[in-house]
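A.B. asks: Contents are mmCIF, C-alpha atoms; file name run_38.cif:
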data_protein
loop_
_atom_site.group_PDB
_atom_site.id
_atom_site.type_symbol
_atom_site.label_atom_id
_atom_site.label_comp_id
_atom_site.auth_asym_id
_atom_site.auth_seq_id
_atom_site.Cartn_x
_atom_site.Cartn_y
_atom_site.Cartn_z
ATOM 1 C CA MET A 1 101.055 15.438 -181.918
ATOM 2 C CA VAL A 2 101.490 14.857 -178.186
ATOM 3 C CA ALA A 3 98.608 17.237 -177.372
ATOM 4 C CA ALA A 4 96.325 15.387 -179.813
ATOM 5 C CA ALA A 5 97.248 12.033 -178.246
ATOM 6 C CA PHE A 6 96.449 13.324 -174.756
ATOM 7 C CA PHE A 7 93.198 14.825 -176.047
ATOM 8 C CA TYR A 8 91.987 11.494 -177.398
ATOM 9 C CA LEU A 9 93.166 9.716 -174.256
ATOM 10 C CA PHE A 10 91.340 12.058 -171.873
ATOM 11 C CA SER A 11 88.240 12.165 -174.089
ATOM 12 C CA THR A 12 87.987 8.384 -174.361
ATOM 13 C CA LEU A 13 88.449 7.869 -170.629
ATOM 14 C CA MET A 14 85.947 10.611 -169.783
ATOM 15 C CA ILE A 15 83.245 9.216 -172.101
ATOM 16 C CA ALA A 16 83.817 5.688 -170.803
ATOM 17 C CA SER A 17 83.690 6.891 -167.189
ATOM 18 C CA ALA A 18 80.511 8.871 -167.832
ATOM 19 C CA PHE A 19 78.886 5.782 -169.318
ATOM 20 C CA MET A 20 79.931 3.668 -166.338
ATOM 21 C CA VAL A 21 78.424 6.237 -163.950
ATOM 22 C CA ILE A 22 74.946 5.323 -165.205
ATOM 23 C CA ALA A 23 75.723 1.680 -166.012
ATOM 24 C CA ALA A 24 77.305 0.578 -162.740
ATOM 25 C CA ARG A 25 74.943 -1.237 -160.379
ATOM 26 C CA ASN A 26 76.840 -0.322 -157.236
ATOM 27 C CA PRO A 27 76.333 3.377 -156.344
ATOM 28 C CA VAL A 28 79.796 3.551 -154.752
ATOM 29 C CA HIS A 29 81.331 2.449 -158.050
ATOM 30 C CA SER A 30 79.239 5.085 -159.837
ATOM 31 C CA VAL A 31 80.704 7.829 -157.653
ATOM 32 C CA LEU A 32 84.233 6.556 -158.251
ATOM 33 C CA PHE A 33 83.661 6.590 -162.007
ATOM 34 C CA LEU A 34 82.250 10.117 -161.631
ATOM 35 C CA ILE A 35 85.475 11.211 -159.939
ATOM 36 C CA LEU A 36 87.461 9.645 -162.793
ATOM 37 C CA ALA A 37 85.338 11.546 -165.323
ATOM 38 C CA PHE A 38 85.995 14.826 -163.482
ATOM 39 C CA VAL A 39 89.746 14.194 -163.452
ATOM 40 C CA ASN A 40 89.810 13.520 -167.202
ATOM 41 C CA ALA A 41 87.724 16.646 -167.827
ATOM 42 C CA SER A 42 90.331 18.594 -165.852
ATOM 43 C CA GLY A 43 92.980 17.199 -168.170
ATOM 44 C CA LEU A 44 91.020 18.496 -171.169
ATOM 45 C CA PHE A 45 90.773 21.945 -169.570
ATOM 46 C CA ILE A 46 94.544 21.979 -169.052
ATOM 47 C CA LEU A 47 95.052 21.162 -172.737
ATOM 48 C CA LEU A 48 92.823 24.133 -173.591
ATOM 49 C CA GLY A 49 94.887 26.439 -171.403
ATOM 50 C CA ALA A 50 92.156 26.908 -168.771
ATOM 51 C CA GLU A 51 94.103 25.781 -165.728
ATOM 52 C CA PHE A 52 91.794 27.678 -163.366
ATOM 53 C CA LEU A 53 88.752 25.668 -164.507
ATOM 54 C CA ALA A 54 90.763 22.462 -164.186
ATOM 55 C CA MET A 55 91.741 23.345 -160.620
ATOM 56 C CA ILE A 56 88.173 24.312 -159.698
ATOM 57 C CA LEU A 57 86.856 21.061 -161.180
ATOM 58 C CA VAL A 58 89.243 18.991 -159.077
ATOM 59 C CA VAL A 59 89.009 21.006 -155.857
ATOM 60 C CA VAL A 60 85.269 21.734 -155.827
ATOM 61 C CA TYR A 61 83.636 18.817 -157.610
ATOM 62 C CA VAL A 62 86.065 15.997 -156.832
ATOM 63 C CA GLY A 63 87.242 17.249 -153.464
ATOM 64 C CA ALA A 64 83.850 18.301 -152.117
ATOM 65 C CA VAL A 65 80.780 17.221 -154.077
ATOM 66 C CA ALA A 66 81.825 13.767 -155.260
ATOM 67 C CA VAL A 67 83.570 12.803 -152.014
ATOM 68 C CA LEU A 68 80.614 14.070 -149.963
ATOM 69 C CA PHE A 69 78.225 12.060 -152.116
ATOM 70 C CA LEU A 70 80.453 9.019 -151.700
ATOM 71 C CA PHE A 71 80.421 9.305 -147.899
ATOM 72 C CA VAL A 72 76.648 9.852 -147.886
ATOM 73 C CA VAL A 73 76.070 6.743 -150.005
ATOM 74 C CA MET A 74 78.395 4.641 -147.850
ATOM 75 C CA MET A 75 77.106 5.892 -144.478
ATOM 76 C CA LEU A 76 73.361 5.926 -145.159
ATOM 77 C CA ASP A 77 73.327 2.461 -146.748
ATOM 78 C CA VAL A 78 70.388 3.333 -148.993
ATOM 79 C CA ASP A 79 68.483 0.399 -150.472
ATOM 80 C CA PHE A 80 68.639 1.363 -154.150
ATOM 81 C CA ALA A 81 66.867 -1.826 -155.205
ATOM 82 C CA GLU A 82 63.770 -0.630 -153.369
ATOM 83 C CA LEU A 83 64.031 2.816 -154.941
ATOM 84 C CA LYS A 84 64.181 1.331 -158.446
ATOM 85 C CA GLN A 85 60.928 -0.600 -158.009
ATOM 86 C CA GLY A 86 58.781 2.354 -159.122
ATOM 87 C CA PHE A 87 60.961 3.108 -162.137
ATOM 88 C CA LEU A 88 58.448 1.900 -164.729
ATOM 89 C CA GLN A 89 55.722 4.011 -163.142
ATOM 90 C CA TYR A 90 57.549 7.266 -163.960
ATOM 91 C CA LEU A 91 59.075 6.067 -167.239
ATOM 92 C CA PRO A 92 56.520 7.756 -169.591
ATOM 93 C CA ILE A 93 56.868 11.153 -167.884
ATOM 94 C CA GLY A 94 60.653 10.844 -167.802
ATOM 95 C CA ALA A 95 60.773 9.866 -171.480
ATOM 96 C CA LEU A 96 58.575 12.853 -172.396
ATOM 97 C CA ILE A 97 60.810 15.255 -170.468
ATOM 98 C CA GLY A 98 63.905 13.691 -172.059
ATOM 99 C CA ILE A 99 62.475 14.140 -175.565
ATOM 100 C CA MET A 100 61.631 17.788 -174.820
ATOM 101 C CA VAL A 101 65.158 18.454 -173.540
ATOM 102 C CA ALA A 102 66.648 16.754 -176.615
ATOM 103 C CA ILE A 103 64.516 18.927 -178.924
ATOM 104 C CA GLU A 104 65.624 22.070 -177.063
ATOM 105 C CA LEU A 105 69.275 21.062 -177.387
ATOM 106 C CA VAL A 106 68.869 20.473 -181.126
ATOM 107 C CA LEU A 107 67.204 23.878 -181.545
ATOM 108 C CA VAL A 108 69.990 25.568 -179.599
ATOM 109 C CA MET A 109 72.729 23.849 -181.598
ATOM 110 C CA THR A 110 71.139 24.588 -184.970
ATOM 111 C CA GLY A 111 70.355 28.216 -184.100
ATOM 112 C CA TRP A 112 73.762 29.007 -182.594
ATOM 113 C CA VAL A 113 75.433 32.036 -184.165
ATOM 114 C CA THR A 114 78.918 33.169 -183.208
ATOM 115 C CA SER A 115 79.369 36.920 -183.036
ATOM 116 C CA ASP A 116 82.208 38.670 -184.812
ATOM 117 C CA ALA A 117 83.507 40.083 -181.523
ATOM 118 C CA ALA A 118 83.863 36.573 -180.071
ATOM 119 C CA ILE A 119 85.797 35.421 -183.136
ATOM 120 C CA ALA A 120 88.081 38.442 -182.949
ATOM 121 C CA SER A 121 88.745 37.980 -179.233
ATOM 122 C CA ALA A 122 89.413 34.255 -179.676
ATOM 123 C CA SER A 123 91.884 34.890 -182.501
ATOM 124 C CA ALA A 124 93.675 37.654 -180.567
ATOM 125 C CA PRO A 125 96.970 36.467 -179.080
ATOM 126 C CA ALA A 126 97.022 36.095 -175.307
ATOM 127 C CA PRO A 127 99.759 37.964 -173.415
ATOM 128 C CA ASP A 128 102.675 35.789 -172.430
ATOM 129 C CA ASP A 129 103.295 37.436 -169.066
ATOM 130 C CA VAL A 130 99.728 36.882 -167.743
ATOM 131 C CA SER A 131 98.369 33.436 -166.943
ATOM 132 C CA ASN A 132 94.764 32.382 -167.348
ATOM 133 C CA THR A 133 94.141 32.532 -163.602
ATOM 134 C CA ALA A 134 95.687 35.996 -163.266
ATOM 135 C CA ALA A 135 93.673 37.342 -166.203
ATOM 136 C CA LEU A 136 90.466 35.919 -164.745
ATOM 137 C CA GLY A 137 91.271 37.457 -161.349
ATOM 138 C CA ARG A 138 91.843 40.859 -162.929
ATOM 139 C CA VAL A 139 88.489 40.722 -164.687
ATOM 140 C CA LEU A 140 86.575 39.518 -161.620
ATOM 141 C CA TYR A 141 88.086 42.007 -159.175
ATOM 142 C CA THR A 142 88.071 45.054 -161.468
ATOM 143 C CA LYS A 143 85.380 45.099 -164.147
ATOM 144 C CA HIS A 144 82.907 42.680 -162.516
ATOM 145 C CA PHE A 145 83.791 43.297 -158.871
ATOM 146 C CA TYR A 146 80.285 44.361 -157.762
ATOM 147 C CA PHE A 147 78.650 41.425 -159.542
ATOM 148 C CA PHE A 148 81.160 39.072 -157.909
ATOM 149 C CA GLN A 149 80.389 40.444 -154.449
ATOM 150 C CA ALA A 150 76.641 40.325 -155.150
ATOM 151 C CA ALA A 151 76.916 36.652 -156.097
ATOM 152 C CA GLY A 152 78.767 35.965 -152.843
ATOM 153 C CA LEU A 153 76.064 37.805 -150.883
ATOM 154 C CA VAL A 154 73.349 35.737 -152.569
ATOM 155 C CA LEU A 155 75.175 32.500 -151.695
ATOM 156 C CA LEU A 156 75.665 33.657 -148.097
ATOM 157 C CA THR A 157 71.953 34.484 -147.811
ATOM 158 C CA ALA A 158 71.019 31.081 -149.236
ATOM 159 C CA MET A 159 73.329 29.333 -146.760
ATOM 160 C CA ILE A 160 71.881 31.225 -143.788
ATOM 161 C CA GLY A 161 68.343 30.532 -145.019
ATOM 162 C CA ALA A 162 69.052 26.808 -145.340
ATOM 163 C CA ILE A 163 70.439 26.721 -141.791
ATOM 164 C CA VAL A 164 67.446 28.612 -140.394
ATOM 165 C CA LEU A 165 64.915 26.407 -142.196
ATOM 166 C CA THR A 166 66.531 23.144 -141.111
ATOM 167 C CA LEU A 167 67.343 24.192 -137.532
ATOM 168 C CA SER A 168 65.159 22.399 -134.996
ATOM 169 C CA HIS A 169 65.045 23.329 -131.310
ATOM 170 C CA LYS A 170 64.351 20.479 -128.911
ATOM 171 C CA PRO A 171 62.881 21.491 -125.558
ATOM 172 C CA ASP A 172 64.912 19.022 -123.469
ATOM 173 C CA VAL A 173 68.326 20.050 -124.837
ATOM 174 C CA LYS A 174 70.396 22.596 -122.926
ATOM 175 C CA ARG A 175 71.721 25.368 -125.152
ATOM 176 C CA GLN A 176 74.283 28.065 -124.670
ATOM 177 C CA ASN A 177 72.979 31.589 -123.981
ATOM 178 C CA ILE A 178 75.731 34.157 -124.511
ATOM 179 C CA ALA A 179 73.743 37.024 -122.962
ATOM 180 C CA ASP A 180 73.112 35.107 -119.736
ATOM 181 C CA GLN A 181 76.771 34.105 -119.509
ATOM 182 C CA ASN A 182 77.995 37.680 -119.933
ATOM 183 C CA ALA A 183 75.473 38.980 -117.360
ATOM 184 C CA ARG A 184 76.664 36.651 -114.599
ATOM 185 C CA ASP A 185 78.141 38.017 -111.409
ATOM 186 C CA ARG A 186 79.707 36.400 -108.347
ATOM 187 C CA LYS A 187 76.380 35.774 -106.643
ATOM 188 C CA THR A 188 74.816 33.937 -109.568
ATOM 189 C CA ALA A 189 77.953 32.146 -110.791
ATOM 190 C CA VAL A 190 79.204 30.729 -107.492
ATOM 191 C CA GLU A 191 77.136 28.743 -105.026
ATOM 192 C CA LEU A 192 78.655 27.895 -101.630
ATOM 193 C CA LYS A 193 77.413 24.870 -99.750
ATOM 194 C CA LYS A 194 78.557 23.736 -96.316
ATOM 195 C CA ALA A 195 79.005 19.995 -96.124
ATOM 196 C CA PRO A 196 78.668 18.229 -92.750
ATOM 197 C CA SER A 197 81.892 17.168 -91.101
ATOM 198 C CA ARG A 198 83.091 13.671 -92.048
ATOM 199 C CA ALA A 199 80.055 13.161 -94.318
ATOM 200 C CA GLY A 200 81.896 13.582 -97.566
ATOM 201 C CA VAL A 201 80.839 15.602 -100.554
#
Since I need it in another form, could you write the structure as structure tokens?

C.D. replies:
Amino acid sequence: MVAAAFFYLFSTLMIASAFMVIAARNPVHSVLFLILAFVNASGLFILLGAEFLAMILVVVYVGAVAVLFLFVVMMLDVDFAELKQGFLQYLPIGALIGIMVAIELVLVMTGWVTSDAAIASASAPAPDDVSNTAALGRVLYTKHFYFFQAAGLVLLTAMIGAIVLTLSHKPDVKRQNIADQNARDRKTAVELKKAPSRAGV
């Protein structure tokens, strides 16, 4: 009874917050409602026994993505009224894409078939001595270890590529050269100058 009450509470707050994300006129308020929606979704994950997903949702999305978006909106001071002026120009294309996505979702939902193995695994009792996070860690670092490392390598390559593509070298800016610093000796590193007497430095 208590779990059902919390389920309806979190669900109602999450749906209301999601609606306010697109209905709020102030973009800062939209981000705050988005954070509230993420927190309520974490509560639903905890009710389902997926505490790892709840933690990831709070740490990654609320702690990084939503807060970063909030700081970007507040610091850049984007004129959203000017951006919304061309909304009617792209409305037909956006409506067409939305209808196509809705049709695809309906086809996926109507053609969904649950396998017998999934039903058997879902009905199997979970061990009491292993938490959801520990079980997920065992699967990731044993059975799917190479796939997990490959995904990390792909993300590292994407991060390095983004840095290389966005890096701009300005000719008038002095930059550190590690090779030149390590190759210095006493003659190149120290310069002695004799100042005249009583002339100051």

A.B. asks: Between atom CA of A:Leu48 and atom CA of A:Phe6, what is the spacing in Å?

C.D. replies: 11.5 Å

A.B. asks: So how many Å separate atom CA of A:Phe45 and atom CA of A:Gly63, to one decimal?

C.D. replies: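 Straight-line distance from atom CA of A:Phe45 to atom CA of A:Gly63 works out to 17.1 Å.
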
A.B. asks: What's around A:Tyr61 at 10 Å? Count only C-alpha atoms, leave out sequence neighbours fewer than 5 positions away in its own chain, and write the answer as a list of chain:residue names.

C.D. replies: A:Leu34, A:Ile35, A:Phe38, A:Val39, A:Met55, A:Ile56, A:Ala66, A:Val67, A:Leu68

A.B. asks: Evaluated on this file, the PyMOL selection byres ((chain A and resi 15) around 12) picks out some residues - which ones are they, written as a count of residues only?

C.D. replies: 22

A.B. asks: So the first atom is atom CA of A:Ser131 and the second is atom CA of A:Leu53; what is the distance between them in Å, to one decimal place?

C.D. replies: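 It comes out at 12.6 Å.
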
A.B. asks: Hey, which of A:Tyr90, A:Glu51, A:Val28, A:Met109 ends up closest to A:Phe71? Count all atoms listed in the file.

C.D. replies: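 Result for the nearest residue to A:Phe71: A:Val28.
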
A.B. asks: Restricting the calculation to all atoms listed in the file, which member of A:Leu88, A:Leu167, A:Ile160, A:Leu47 is positioned closest to A:Ala5?

C.D. replies: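 Nearest candidate to A:Ala5 out of A:Leu88, A:Leu167, A:Ile160, A:Leu47: A:Leu47.
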
A.B. asks: Rebuild N, CA and C atoms on stretch 7-19 of chain A, as an mmCIF file, in the frame of the given file?

C.D. replies:
data_model
loop_
_atom_site.group_PDB
_atom_site.id
_atom_site.type_symbol
_atom_site.label_atom_id
_atom_site.label_comp_id
_atom_site.auth_asym_id
_atom_site.auth_seq_id
_atom_site.Cartn_x
_atom_site.Cartn_y
_atom_site.Cartn_z
ATOM 1 N N PHE A 7 94.609 14.463 -175.869
ATOM 2 C CA PHE A 7 93.198 14.825 -176.047
ATOM 3 C C PHE A 7 92.339 13.586 -176.268
ATOM 4 N N TYR A 8 92.762 12.712 -177.150
ATOM 5 C CA TYR A 8 91.987 11.494 -177.398
ATOM 6 C C TYR A 8 91.998 10.571 -176.186
ATOM 7 N N LEU A 9 93.103 10.546 -175.453
ATOM 8 C CA LEU A 9 93.166 9.716 -174.256
ATOM 9 C C LEU A 9 92.183 10.202 -173.197
ATOM 10 N N PHE A 10 92.237 11.504 -172.879
ATOM 11 C CA PHE A 10 91.340 12.058 -171.873
ATOM 12 C C PHE A 10 89.881 11.971 -172.316
ATOM 13 N N SER A 11 89.623 12.209 -173.594
ATOM 14 C CA SER A 11 88.240 12.165 -174.089
ATOM 15 C C SER A 11 87.669 10.761 -174.005
ATOM 16 N N THR A 12 88.462 9.771 -174.405
ATOM 17 C CA THR A 12 87.987 8.384 -174.361
ATOM 18 C C THR A 12 87.717 7.939 -172.934
ATOM 19 N N LEU A 13 88.642 8.255 -172.024
ATOM 20 C CA LEU A 13 88.449 7.869 -170.629
ATOM 21 C C LEU A 13 87.261 8.595 -169.999
ATOM 22 N N MET A 14 87.059 9.861 -170.357
ATOM 23 C CA MET A 14 85.947 10.611 -169.783
ATOM 24 C C MET A 14 84.605 10.073 -170.274
ATOM 25 N N ILE A 15 84.496 9.765 -171.566
ATOM 26 C CA ILE A 15 83.245 9.216 -172.101
ATOM 27 C C ILE A 15 82.965 7.833 -171.505
ATOM 28 N N ALA A 16 84.009 7.012 -171.389
ATOM 29 C CA ALA A 16 83.817 5.688 -170.803
ATOM 30 C C ALA A 16 83.422 5.790 -169.325
ATOM 31 N N SER A 17 84.039 6.713 -168.604
ATOM 32 C CA SER A 17 83.690 6.891 -167.189
ATOM 33 C C SER A 17 82.276 7.416 -167.032
ATOM 34 N N ALA A 18 81.873 8.351 -167.892
ATOM 35 C CA ALA A 18 80.511 8.871 -167.832
ATOM 36 C C ALA A 18 79.479 7.788 -168.117
ATOM 37 N N PHE A 19 79.808 6.892 -169.037
ATOM 38 C CA PHE A 19 78.886 5.782 -169.318
ATOM 39 C C PHE A 19 78.803 4.828 -168.134
#
